[in-house]
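Chemist: Okay, here's the structure, questions in a sec.
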Amino acid sequence: QVQLVASGGGLVQAGGSLRLSCAASGLTFSSYRMDWFRQAPGKEREFVASLTWSGGTTYYADSVKGRFTISKDNAKNTVFLQMNNLKPEDTAVYSCAARLGSEYRYWGQGTQVTVSS
C-alpha cells in the first residue's frame, strides 16, 4: 500500500522558516519524481517544486526560487521542502505527490502553512 504522509506545516511570521516533510512508503522511489504543490483559499493548485528521486534534479516555481529548497533523505524515504523568508502569499495547504512519467500516481494529505504579516 502506497502512502505519502506530509507534515511540518504551521503558523509562522513573515520572514520565518518552516521545513515540510513527505514520508513515502510502498514505492519504488528511483522511478518517481516527487513534487510539492500548494493551494491557497479560492485559488487553483499550483506547482511549487520537484525532485527526481534517482538523479536529484530539481525544479522550482519562479515564485519560490531562491527561498525554497527541495531535498531528500534516501534512508528515510522522505522528501523535504525547506521554506525560508516566508511571505504571507505563501499561505496555503501544501501537498506532496509522486509522479511516474506524466501521471501523478499518488498524493499525500495536505499540511497547512500560514504566514502572518
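Labels for the C-alpha cells follow display order: chains A, B, ..., residues from 1 in each chain, ligands from 1.
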Would you list the contacts of stretch 76-81 of chain A as a ChimeraX atom specification, taking every protein, DNA or RNA residue within 12 Å and counting only C-alpha atoms, but skipping same-chain residues closer than 3 positions in sequence?
Modeler: /A:3-9,17-30,32-38,48-53,56,58,60,64,67-73,84,94-98,108,111,113
Chemist: Please return as a PyMOL selection string: the residues of chain A that backbone DSSP assigns to strand (DSSP E or B).
Modeler: chain A and resi 3-7+10-13+18-25+33-39+46-52+58-60+68-73+78-83+92-100+103-107+111-116
Chemist: I'd like the neighbourhood of A:Lys87 as a ChimeraX atom specification, where a residue qualifies if any of its atoms comes within 9 Å (using only C-alpha atoms), though same-chain residues fewer than 2 positions away should be ignored.
Modeler: /A:13-16,84-85,89-91,115-117
Chemist: Would you work out the distance separating atom CA of A:Arg45 from atom CA of A:Asn74, expressed in Å to one decimal?
Modeler: 27.4 Å
Chemist: State, in Å with one decimal place, the distance from atom CA of A:Ala40 to atom CA of A:Glu103.
Modeler: 22.9 Å
Chemist: Tell me, which residues of stretch 25-93 of chain A carry DSSP helix (DSSP H, G or I), written as a ChimeraX atom specification?
Modeler: /A:29-31,88-90
Chemist: Between A:Gly66, A:Ser31, A:Gly101, A:Gln39, which residue has the minimum interatomic distance to A:Ser54, considering only C-alpha atoms?
Modeler: A:Ser31
